[in-house]
Amino acid sequence: MATISTCTIGFPRIGSNREMKKALEAYWAGSNDAQALLQAAAGVEADAWRCQARAGIQLIALDSTLYDHALQERSATGAPAAVPGAAALPVYFAMARGAEGAPACDMSKHFDSNYHHIVPELDEQSEPRPDWSLLLDRVKRGQEAVGRERAVPMVVGPSTLLGLARGSFDRSSLLARLAPAYAQLLRQLAELGVPEVQIHEPILTMSGSEGLAADCAACYAELAAVGLPINIVVAYDDETYKWLVELPVAALSLDFLGVPGAEYGSSTAQHIAKHGFPKSKRLGAGVIDGRGIWADQGQAARLVASLRALLGEEQRIATSTSLQHVPYDLAAEEVPPAGLARPLAFAVQKLGEVVGTAAAVLGAAPGAIPALDLAAFTGAPGGAPRELPADMFRRPEPYAERRPKQVQYPPFPTTTIGSFPQTPAIRRSRLAFKKGRLSQEQYREKMAGEIGLCIGVQEALGLDVLVHGEPERSDMVEYFGLKLGGYHFTEQGWVQSYGSRYVRPPIVTGDISRSGPMTVHEYELAQGLTSKPVKGMLTGPVTILQWSFPRRDATRRQQAEQLALALRDEVADLQAAGCRVDEPALREGLPLKAGRRDEYLRWAVGAFRLATACAMPEVQVVTHLCYSDFADIMPAIEAMDADVLTIENSRSGNEMIAALAGTGYPRDVGPGVYDVHSPVVPTVGWLADRIRSFLEVGLLEGDACRIHVNPDCGLKTRRWEEVLPSLRNMVAAAHLVRAEL
Ligand code: GLN
Ligand code: ZN
């Protein structure tokens, strides 16, 4: 009899003890061969699948990747480069990270998460030459690990693969050509005896994807004809509900919770209450939060009980999105969190919640679980924000008036984004301090030495605007979280940001407050060592929030505002210490729906302004935006009212600075000239061409004194052996082009 069942739609790929990260790094460093890497990866994935089986999950998604799943699928459908079999590993990693003479593929934020995918390079010329052997091998390993009836292959869908590619080209015809490649996969999977296939199509939830409706329906009709049941997973948002449910597939997995703290929550429950759900399909009810770390099985059970009352028996309980966005296991914490308002749940605990919800609903007497009003449920926190006075959001003078009062630079002033290599020695000192082997005093002394080294190096390299190098910061968000009230920290709460890079987002547990200066000591130290300007270095309120696990009982806007007020006090203290330049980073938690973006941008930009508006006209506010597109939100970028905008640029082929030039963006810009994620050292000639290209796109009408030259992002993940020659070449290139003016 059909009844409530359980499934997963993705799981952390790092391993319970960061085995995947370690194996990748060892392979890149040459201390491990390809065989060892693939073996480690197979161990990590099998552990993850067995862990899900032990938890009692019925249908287990066979998630796993060496670097990025979008890259893997792109390769499988006939990319120029091969797939990561042992012999092809170098090509695979060259695409991900770059290699001598071959820059890495572009990287971009994955929907509304903090994960970054490698952008598929596809266009109308792309010829699918499908080779699914790796995926099929994975499925076989999965079947061995958890049994045929439970092992469910997952794959990035054709529409999403196309949607993630950049540029305008005839997607419709390529989709039609991709469909047979996917159909071939489905036939091969059917032969392996899998119960169904999960096709992940988050792109279908984006505004504008309605335009894909007809093409997509045709594509899925072709895939459905293979006869293998398809579960379309569109976790991340839900508004295209009406046409999504019409797609000719067996199951549809939806997100009922949305982004934690987002004012709008998710409208899935409301859509179902209003439009129903087709009897012919199975609903994957994403009721366990895949983005947040708060446990809430009670709410999940109420949701499922209500769905059951409305739709009948056949629900499948799942997480709202892939669990790749949460840490592996709460049990890894040496110090279990105490005194929190609610219990926490990481990926392993969330498996328990999925299974527990099913058991609770099935085991309950009728009416024992109170029903929820589905028509009203969004999962969003309530509460009206307070309105702060408008002048707190305004710098005392407009940009045009204050810019002449700020530092004046030579043409193509050279600078960096903030961090310098986090060396093993730095990490050892931090660990020793944590374990009590170094006193606070001794640790500070060590960090002071590192700051001195950074300043000396930058002086020697001839950089124009210096930074202290951030040795004392393990992470640009965690560092602030540790100093602020209202945060909880984890030891092992690692979440994948991209490839082998993992961050440990701190957890907002209450109202955020600042008890004293957080960065002033290091700033003063650095500025005391040089006569060149040193930038103070803060992480912006939206970035801190986006990279934290927010509360669910307050809106993101409320939490961002609390952070902004704390940072504002820091800006005031830095300024009192004589800080001339200061750099918060703003990242977008931009909603996927166009209709919600204005509201988001209003408060996100507002928070940035609230944090920085107290700066005197003479203080140059520099901001930095990482790997994100913002061509479509230019008015918001300008509304941030920063004096200098530094951006990642080198991987995206001047696309962003062309957009800046196109809209006549009037403020100083620092387009990244080289990729910091790649171990490759750029040459002077190559860098000089990059710098010349900024003039060619007409940036700032060629006002070179306002075009800053900097790497794409911070240098903390690089080694000094890479950083020194790269920066030396960068400065030489800036001087070369300066001389040509
Ligand atoms: N100052 C930070 C660093 O250099 C900025 C990095 C970022 O925005 N991701 O590490
Ligand atoms: Zn960056």
# chains A, B, ... in the order shown; residues from 1 in each chain; ligands from 1
>>> select_by_dssp(residues="range 283-336 of chain A", states="alpha helix (DSSP H)", output="ChimeraX atom specification")
/A:297-311
>>> write_last_selection(atoms="N, CA and C atoms", output="PDB file, in the first residue's frame")
ATOM      1  N   GLN A 297      11.057  19.292  14.086  1.00  0.00           N
ATOM      2  CA  GLN A 297      10.286  18.149  13.624  1.00  0.00           C
ATOM      3  C   GLN A 297       8.795  18.358  13.876  1.00  0.00           C
ATOM      4  N   GLY A 298       8.490  19.145  14.909  1.00  0.00           N
ATOM      5  CA  GLY A 298       7.088  19.387  15.233  1.00  0.00           C
ATOM      6  C   GLY A 298       6.373  20.084  14.075  1.00  0.00           C
ATOM      7  N   GLN A 299       7.003  21.116  13.564  1.00  0.00           N
ATOM      8  CA  GLN A 299       6.392  21.840  12.446  1.00  0.00           C
ATOM      9  C   GLN A 299       6.284  20.933  11.217  1.00  0.00           C
ATOM     10  N   ALA A 300       7.346  20.137  10.987  1.00  0.00           N
ATOM     11  CA  ALA A 300       7.324  19.235   9.832  1.00  0.00           C
ATOM     12  C   ALA A 300       6.161  18.257   9.943  1.00  0.00           C
ATOM     13  N   ALA A 301       5.959  17.717  11.126  1.00  0.00           N
ATOM     14  CA  ALA A 301       4.869  16.751  11.311  1.00  0.00           C
ATOM     15  C   ALA A 301       3.519  17.421  11.082  1.00  0.00           C
ATOM     16  N   ARG A 302       3.380  18.640  11.554  1.00  0.00           N
ATOM     17  CA  ARG A 302       2.104  19.340  11.343  1.00  0.00           C
ATOM     18  C   ARG A 302       1.869  19.596   9.858  1.00  0.00           C
ATOM     19  N   LEU A 303       2.940  19.970   9.169  1.00  0.00           N
ATOM     20  CA  LEU A 303       2.799  20.200   7.726  1.00  0.00           C
ATOM     21  C   LEU A 303       2.377  18.916   7.007  1.00  0.00           C
ATOM     22  N   VAL A 304       3.070  17.835   7.329  1.00  0.00           N
ATOM     23  CA  VAL A 304       2.768  16.578   6.633  1.00  0.00           C
ATOM     24  C   VAL A 304       1.358  16.094   6.983  1.00  0.00           C
ATOM     25  N   ALA A 305       0.994  16.229   8.256  1.00  0.00           N
ATOM     26  CA  ALA A 305      -0.354  15.803   8.644  1.00  0.00           C
ATOM     27  C   ALA A 305      -1.396  16.616   7.868  1.00  0.00           C
ATOM     28  N   SER A 306      -1.125  17.903   7.697  1.00  0.00           N
ATOM     29  CA  SER A 306      -2.074  18.744   6.969  1.00  0.00           C
ATOM     30  C   SER A 306      -2.119  18.372   5.495  1.00  0.00           C
ATOM     31  N   LEU A 307      -0.961  18.074   4.935  1.00  0.00           N
ATOM     32  CA  LEU A 307      -0.909  17.665   3.526  1.00  0.00           C
ATOM     33  C   LEU A 307      -1.668  16.354   3.338  1.00  0.00           C
ATOM     34  N   ARG A 308      -1.509  15.493   4.316  1.00  0.00           N
ATOM     35  CA  ARG A 308      -2.162  14.191   4.238  1.00  0.00           C
ATOM     36  C   ARG A 308      -3.682  14.351   4.261  1.00  0.00           C
ATOM     37  N   ALA A 309      -4.128  15.264   5.123  1.00  0.00           N
ATOM     38  CA  ALA A 309      -5.568  15.496   5.208  1.00  0.00           C
ATOM     39  C   ALA A 309      -6.101  16.033   3.874  1.00  0.00           C
ATOM     40  N   LEU A 310      -5.276  16.837   3.219  1.00  0.00           N
ATOM     41  CA  LEU A 310      -5.731  17.467   1.976  1.00  0.00           C
ATOM     42  C   LEU A 310      -5.576  16.544   0.773  1.00  0.00           C
ATOM     43  N   LEU A 311      -4.439  15.845   0.700  1.00  0.00           N
ATOM     44  CA  LEU A 311      -4.096  15.128  -0.525  1.00  0.00           C
ATOM     45  C   LEU A 311      -4.205  13.614  -0.429  1.00  0.00           C
TER      46      LEU A 311
END
>>> residues_around(residues="Asp569 in chain A", least_positions_apart="2", cutoff="9 Å", atoms="only C-alpha atoms", output="ChimeraX atom specification")
/A:514,516-517,564-567,571-574,611,614
>>> residues_near_ligand(ligand="ligand 2", cutoff="7 Å", atoms="only C-alpha atoms and all ligand atoms", output="compact mmCIF listing (two decimals) with C-alpha atoms, in the first residue's frame")
# COMPACT_ATOMS: atom_id res chain seq x y z
CA HIS A 624 34.17 44.22 -2.41
CA LEU A 625 31.74 41.94 -4.20
CA CYS A 626 32.68 38.34 -4.84
CA TYR A 627 31.57 35.90 -7.45
CA ILE A 647 34.94 43.12 -7.84
CA GLU A 648 35.85 39.66 -9.02
CA ASP A 712 39.93 39.09 -7.76
CA CYS A 713 39.59 38.36 -4.08
CA GLY A 714 41.49 37.72 -0.84
>>> residues_around(residues="Tyr523 in chain A", least_positions_apart="3", cutoff="12 Å", atoms="only C-alpha atoms", output="PyMOL selection string")
chain A and resi 418+447-448+451-452+455+466-472+517-520+526-530+533-538+570-571+573-582
>>> write_last_selection(atoms="C-alpha atoms", output="PDB file, in the first residue's frame")
ATOM      1  CA  GLY A 418      42.452  42.029   2.355  1.00  0.00           C
ATOM      2  CA  MET A 447      49.914  37.865  14.893  1.00  0.00           C
ATOM      3  CA  ALA A 448      51.728  41.191  15.239  1.00  0.00           C
ATOM      4  CA  ILE A 451      51.084  41.776  10.279  1.00  0.00           C
ATOM      5  CA  GLY A 452      54.559  43.280  10.229  1.00  0.00           C
ATOM      6  CA  ILE A 455      53.247  45.320   5.624  1.00  0.00           C
ATOM      7  CA  LEU A 466      48.044  48.347   1.952  1.00  0.00           C
ATOM      8  CA  VAL A 467      46.151  45.944   4.187  1.00  0.00           C
ATOM      9  CA  HIS A 468      47.142  44.300   7.454  1.00  0.00           C
ATOM     10  CA  GLY A 469      46.642  40.851   5.926  1.00  0.00           C
ATOM     11  CA  GLU A 470      44.051  39.384   8.311  1.00  0.00           C
ATOM     12  CA  PRO A 471      46.317  36.738   9.919  1.00  0.00           C
ATOM     13  CA  GLU A 472      44.173  36.854  13.064  1.00  0.00           C
ATOM     14  CA  PRO A 517      36.438  47.242  19.195  1.00  0.00           C
ATOM     15  CA  MET A 518      36.966  44.177  17.029  1.00  0.00           C
ATOM     16  CA  THR A 519      39.638  45.252  14.531  1.00  0.00           C
ATOM     17  CA  VAL A 520      41.123  48.507  15.784  1.00  0.00           C
ATOM     18  CA  ALA A 526      49.613  47.973  10.663  1.00  0.00           C
ATOM     19  CA  GLN A 527      49.185  51.687  10.024  1.00  0.00           C
ATOM     20  CA  GLY A 528      51.892  52.382  12.597  1.00  0.00           C
ATOM     21  CA  LEU A 529      54.393  50.533  10.406  1.00  0.00           C
ATOM     22  CA  THR A 530      53.928  52.429   7.157  1.00  0.00           C
ATOM     23  CA  PRO A 533      47.403  54.216   3.552  1.00  0.00           C
ATOM     24  CA  VAL A 534      46.216  50.988   5.188  1.00  0.00           C
ATOM     25  CA  LYS A 535      42.634  49.876   4.699  1.00  0.00           C
ATOM     26  CA  GLY A 536      40.647  48.929   7.764  1.00  0.00           C
ATOM     27  CA  MET A 537      38.957  45.647   7.038  1.00  0.00           C
ATOM     28  CA  LEU A 538      35.420  44.772   7.995  1.00  0.00           C
ATOM     29  CA  GLU A 570      33.410  49.711  14.627  1.00  0.00           C
ATOM     30  CA  VAL A 571      33.608  52.118  11.683  1.00  0.00           C
ATOM     31  CA  ASP A 573      36.239  53.532  16.237  1.00  0.00           C
ATOM     32  CA  LEU A 574      38.418  52.835  13.197  1.00  0.00           C
ATOM     33  CA  GLN A 575      37.894  56.360  12.028  1.00  0.00           C
ATOM     34  CA  ALA A 576      38.878  57.700  15.445  1.00  0.00           C
ATOM     35  CA  ALA A 577      42.047  55.608  15.102  1.00  0.00           C
ATOM     36  CA  GLY A 578      42.815  57.483  11.897  1.00  0.00           C
ATOM     37  CA  CYS A 579      41.573  54.888   9.460  1.00  0.00           C
ATOM     38  CA  ARG A 580      41.417  56.329   5.983  1.00  0.00           C
ATOM     39  CA  VAL A 581      40.001  53.496   4.011  1.00  0.00           C
ATOM     40  CA  ASP A 582      37.732  50.708   5.011  1.00  0.00           C
TER      41      ASP A 582
END
>>> select_by_dssp(residues="range 259-442 of chain A", states="strand (DSSP E)", output="list in words")
Arg282, Leu283, Gly284, Ala285, Gly286, Val287, Ile288, Gln315, Arg316, Ile317, Ala318 and Thr319 of chain A
>>> closest_residue(among="A:Glu353, A:Ser652, A:Ala295, A:Ser172", to="Ala214 in chain A", atoms="only C-alpha atoms")
A:Ser172
>>> closest_residue(among="A:Ala594, A:Val495, A:Leu715, A:Ala642", to="ligand 1", atoms="only C-alpha atoms and all ligand atoms")
A:Leu715
>>> closest_residue(among="A:Ala23, A:His488, A:Pro671, A:Leu461", to="Ser726 in chain A", atoms="only C-alpha atoms")
A:Leu461
>>> residues_around(residues="range 245-257 of chain A", least_positions_apart="6", cutoff="6 Å", atoms="only C-alpha atoms", output="ChimeraX atom specification")
/A:217,221,229-235,266,268,281-287,320,379
>>> residues_around(residues="range 395-404 of chain A", least_positions_apart="5", cutoff="10 Å", atoms="only C-alpha atoms", output="list in words")
Arg609, Leu610, Thr612, Ala613, Cys614, Ala615, Met616, Pro617, Glu618, Val619, Gln620, Asp641, Ala642, Asp643, Val644, Pro666, Arg667 and Asp668 of chain A
>>> write_last_selection(atoms="C-alpha atoms", output="compact mmCIF listing (two decimals), in the first residue's frame")
# COMPACT_ATOMS: atom_id res chain seq x y z
CA ARG A 609 24.66 52.17 4.39
CA LEU A 610 23.69 52.01 8.04
CA THR A 612 29.11 52.91 6.81
CA ALA A 613 27.22 56.22 6.69
CA CYS A 614 28.82 57.52 9.87
CA ALA A 615 32.18 57.76 8.06
CA MET A 616 33.49 61.28 7.58
CA PRO A 617 33.65 62.54 3.99
CA GLU A 618 37.44 62.00 4.01
CA VAL A 619 37.11 58.30 4.76
CA GLN A 620 37.06 56.21 1.65
CA ASP A 641 27.12 54.71 -1.94
CA ALA A 642 30.59 53.19 -1.55
CA ASP A 643 33.57 55.21 -2.78
CA VAL A 644 35.38 52.29 -4.34
CA PRO A 666 30.65 57.03 -11.69
CA ARG A 667 32.67 55.80 -8.67
CA ASP A 668 36.12 54.27 -8.34
>>> residues_around(residues="Tyr182 in chain A", least_positions_apart="6", cutoff="12 Å", atoms="only C-alpha atoms", output="PDB file with N, CA and C atoms, in the first residue's frame")
ATOM      1  N   GLU A  73      28.289  16.999 -14.525  1.00  0.00           N
ATOM      2  CA  GLU A  73      27.223  16.734 -15.480  1.00  0.00           C
ATOM      3  C   GLU A  73      27.511  17.405 -16.817  1.00  0.00           C
ATOM      4  N   ARG A  74      28.100  18.581 -16.732  1.00  0.00           N
ATOM      5  CA  ARG A  74      28.437  19.284 -17.953  1.00  0.00           C
ATOM      6  C   ARG A  74      29.414  18.427 -18.762  1.00  0.00           C
ATOM      7  N   ALA A  76      29.697  15.199 -18.582  1.00  0.00           N
ATOM      8  CA  ALA A  76      29.042  13.973 -19.025  1.00  0.00           C
ATOM      9  C   ALA A  76      28.226  14.176 -20.292  1.00  0.00           C
ATOM     10  N   THR A  77      27.720  15.391 -20.476  1.00  0.00           N
ATOM     11  CA  THR A  77      26.881  15.614 -21.645  1.00  0.00           C
ATOM     12  C   THR A  77      27.688  16.057 -22.854  1.00  0.00           C
ATOM     13  N   GLY A  78      28.991  15.935 -22.774  1.00  0.00           N
ATOM     14  CA  GLY A  78      29.779  16.193 -23.973  1.00  0.00           C
ATOM     15  C   GLY A  78      30.488  17.520 -23.969  1.00  0.00           C
ATOM     16  N   PRO A 128      26.116  17.539 -27.799  1.00  0.00           N
ATOM     17  CA  PRO A 128      26.141  16.517 -26.748  1.00  0.00           C
ATOM     18  C   PRO A 128      26.786  15.220 -27.249  1.00  0.00           C
ATOM     19  N   ARG A 129      27.834  14.792 -26.559  1.00  0.00           N
ATOM     20  CA  ARG A 129      28.454  13.496 -26.840  1.00  0.00           C
ATOM     21  C   ARG A 129      28.430  12.727 -25.536  1.00  0.00           C
ATOM     22  N   PRO A 130      27.261  12.237 -25.187  1.00  0.00           N
ATOM     23  CA  PRO A 130      27.070  11.773 -23.815  1.00  0.00           C
ATOM     24  C   PRO A 130      27.997  10.624 -23.419  1.00  0.00           C
ATOM     25  N   ASP A 131      28.540  10.760 -22.232  1.00  0.00           N
ATOM     26  CA  ASP A 131      29.305   9.682 -21.636  1.00  0.00           C
ATOM     27  C   ASP A 131      28.963   9.700 -20.145  1.00  0.00           C
ATOM     28  N   TRP A 132      28.079   8.820 -19.754  1.00  0.00           N
ATOM     29  CA  TRP A 132      27.583   8.828 -18.389  1.00  0.00           C
ATOM     30  C   TRP A 132      28.313   7.807 -17.520  1.00  0.00           C
ATOM     31  N   LEU A 135      28.772   8.503 -13.756  1.00  0.00           N
ATOM     32  CA  LEU A 135      27.544   8.493 -12.976  1.00  0.00           C
ATOM     33  C   LEU A 135      27.054   7.053 -12.797  1.00  0.00           C
ATOM     34  N   VAL A 155      20.882  13.710 -10.735  1.00  0.00           N
ATOM     35  CA  VAL A 155      21.592  14.320 -11.846  1.00  0.00           C
ATOM     36  C   VAL A 155      21.070  15.750 -12.039  1.00  0.00           C
ATOM     37  N   VAL A 156      21.961  16.647 -12.429  1.00  0.00           N
ATOM     38  CA  VAL A 156      21.531  18.017 -12.744  1.00  0.00           C
ATOM     39  C   VAL A 156      20.770  17.970 -14.060  1.00  0.00           C
ATOM     40  N   GLY A 157      19.578  18.524 -14.071  1.00  0.00           N
ATOM     41  CA  GLY A 157      18.707  18.418 -15.236  1.00  0.00           C
ATOM     42  C   GLY A 157      19.167  19.257 -16.420  1.00  0.00           C
ATOM     43  N   PRO A 158      18.677  18.925 -17.596  1.00  0.00           N
ATOM     44  CA  PRO A 158      19.107  19.630 -18.804  1.00  0.00           C
ATOM     45  C   PRO A 158      18.731  21.120 -18.800  1.00  0.00           C
ATOM     46  N   SER A 159      17.568  21.461 -18.295  1.00  0.00           N
ATOM     47  CA  SER A 159      17.192  22.886 -18.300  1.00  0.00           C
ATOM     48  C   SER A 159      18.106  23.675 -17.387  1.00  0.00           C
ATOM     49  N   LEU A 161      21.231  22.861 -16.466  1.00  0.00           N
ATOM     50  CA  LEU A 161      22.558  22.933 -17.072  1.00  0.00           C
ATOM     51  C   LEU A 161      22.617  24.091 -18.074  1.00  0.00           C
ATOM     52  N   LEU A 175      18.403  22.404 -25.841  1.00  0.00           N
ATOM     53  CA  LEU A 175      17.634  21.542 -24.935  1.00  0.00           C
ATOM     54  C   LEU A 175      17.100  20.333 -25.696  1.00  0.00           C
ATOM     55  N   ALA A 176      16.612  20.606 -26.880  1.00  0.00           N
ATOM     56  CA  ALA A 176      16.087  19.498 -27.687  1.00  0.00           C
ATOM     57  C   ALA A 176      17.195  18.495 -28.013  1.00  0.00           C
ATOM     58  N   GLN A 188      19.991   3.615 -19.486  1.00  0.00           N
ATOM     59  CA  GLN A 188      21.068   2.867 -18.825  1.00  0.00           C
ATOM     60  C   GLN A 188      20.771   2.670 -17.337  1.00  0.00           C
ATOM     61  N   LEU A 189      20.166   3.675 -16.736  1.00  0.00           N
ATOM     62  CA  LEU A 189      19.813   3.558 -15.322  1.00  0.00           C
ATOM     63  C   LEU A 189      18.730   2.509 -15.128  1.00  0.00           C
ATOM     64  N   VAL A 197      14.755   8.057 -10.874  1.00  0.00           N
ATOM     65  CA  VAL A 197      15.886   8.968 -10.986  1.00  0.00           C
ATOM     66  C   VAL A 197      15.449  10.347 -10.511  1.00  0.00           C
ATOM     67  N   ILE A 199      15.942  14.152 -10.960  1.00  0.00           N
ATOM     68  CA  ILE A 199      16.525  15.147 -11.850  1.00  0.00           C
ATOM     69  C   ILE A 199      16.372  16.510 -11.186  1.00  0.00           C
ATOM     70  N   CYS A 219      10.738  18.160 -23.559  1.00  0.00           N
ATOM     71  CA  CYS A 219      11.928  17.437 -23.118  1.00  0.00           C
ATOM     72  C   CYS A 219      11.543  16.343 -22.118  1.00  0.00           C
ATOM     73  N   TYR A 220      10.715  16.696 -21.144  1.00  0.00           N
ATOM     74  CA  TYR A 220      10.359  15.696 -20.130  1.00  0.00           C
ATOM     75  C   TYR A 220       9.419  14.620 -20.676  1.00  0.00           C
ATOM     76  N   ALA A 221       8.648  14.974 -21.692  1.00  0.00           N
ATOM     77  CA  ALA A 221       7.823  13.930 -22.315  1.00  0.00           C
ATOM     78  C   ALA A 221       8.748  12.882 -22.935  1.00  0.00           C
ATOM     79  N   GLU A 222       9.808  13.363 -23.571  1.00  0.00           N
ATOM     80  CA  GLU A 222      10.769  12.449 -24.187  1.00  0.00           C
ATOM     81  C   GLU A 222      11.456  11.580 -23.120  1.00  0.00           C
ATOM     82  N   LEU A 223      11.800  12.210 -21.999  1.00  0.00           N
ATOM     83  CA  LEU A 223      12.468  11.454 -20.940  1.00  0.00           C
ATOM     84  C   LEU A 223      11.514  10.473 -20.270  1.00  0.00           C
ATOM     85  N   ALA A 224      10.272  10.925 -20.064  1.00  0.00           N
ATOM     86  CA  ALA A 224       9.300  10.060 -19.393  1.00  0.00           C
ATOM     87  C   ALA A 224       9.013   8.816 -20.234  1.00  0.00           C
ATOM     88  N   ALA A 225       9.147   8.978 -21.559  1.00  0.00           N
ATOM     89  CA  ALA A 225       8.851   7.860 -22.461  1.00  0.00           C
ATOM     90  C   ALA A 225       9.785   6.665 -22.226  1.00  0.00           C
ATOM     91  N   VAL A 226      10.926   6.916 -21.604  1.00  0.00           N
ATOM     92  CA  VAL A 226      11.850   5.812 -21.300  1.00  0.00           C
ATOM     93  C   VAL A 226      11.204   4.822 -20.329  1.00  0.00           C
ATOM     94  N   LEU A 228      11.295   5.041 -16.938  1.00  0.00           N
ATOM     95  CA  LEU A 228      11.855   5.080 -15.581  1.00  0.00           C
ATOM     96  C   LEU A 228      11.193   6.247 -14.835  1.00  0.00           C
ATOM     97  N   ILE A 230      10.525   9.484 -12.922  1.00  0.00           N
ATOM     98  CA  ILE A 230      11.368  10.670 -12.734  1.00  0.00           C
ATOM     99  C   ILE A 230      10.834  11.483 -11.561  1.00  0.00           C
TER     100      ILE A 230
END
>>> atom_distance(atom1="CA of Leu695 in chain A", atom2="CA of Gln458 in chain A")
25.8 Å
>>> atom_distance(atom1="CA of Val731 in chain A", atom2="CA of Ala688 in chain A")
9.6 Å
